[in-house]
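Q: Following this message is one structure expressed as structure tokens.
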Amino acid sequence: MADYSDDFLKTILKRSKVIAVVGFSLNPVRPSYYVARYLSLKGYRVIPVNPGHAGVPLFGETVRASLSEIDAPVDMVDIFRRSEAVPPIVDEALEALPGLKTVWMQIGVEHAEAAAKAEARGVDVVMNRCPKIEYQRLFGELRMGGFATGIISSKL
């Protein structure tokens, strides 16, 4: 797993307001669904992207068939696709989303050439990580033994 500093990840999560989730599934037990839902509950505007579900309303947004269909500024693209599918997604993101700041590839998803292409255009890249897990870890929401970390006090 690539080594990203906590400050780097925090910066990305704090500055991102609109996240396009590519490879989104309507199945609530799929990671792409519950990660998108979690991020939307944390105040991010989440725009789901999946050609098979285009037009379906979800989380206050309409599922888009492609990144090119998004008519709003997008800060981050979160990719839930196999690694070999990443290059055309990054190409489309770089072409269609002029204000893009981050390409984030989910756990198990890595593509060094696509990452280098995005970075050469000034876009930050995170590979093989999950923004939900990183958010919980960095902002004290990981659950341990039924208690949220940071809530247990010395008065117990």
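Each chain of the structure tokens is named A, B, ... in the order shown, its residues numbered from 1; ligands are numbered from 1 in display order.
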Would you list the contacts of segment 27-38 of chain A as a count of residues only, taking every protein, DNA or RNA residue within 12 Å and counting only C-alpha atoms, but skipping same-chain residues closer than 2 positions in sequence?

A: 42

Q: Could you give me, as a PyMOL selection string, the residues within 7 Å of segment 97-104 of chain A, counting only C-alpha atoms and dropping anything in the same chain fewer than 5 positions from it?

A: chain A and resi 73-79+123-127

Q: Let me make sure I understand: among A:Glu110, A:Glu119, A:Asp71, A:Asp7, which one has the smallest atom-to-atom distance to Val86 of chain A if we use only C-alpha atoms?

A: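 Closest to Val86 of chain A, using only C-alpha atoms: A:Glu110.
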
Q: Please determine, counting only C-alpha atoms, which residue among A:Phe139, A:Ala114, A:Ile89, A:Arg121 has the shortest atom-to-atom distance to Leu9 of chain A.

A: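 Answer, going by the shortest atom-to-atom distance: A:Phe139.
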
Q: Residues of segment 5-61 of chain A classed as helix (DSSP H, G or I) by DSSP on the backbone are to be reported as a PyMOL selection string.

A: chain A and resi 6-15+31-41+51-53
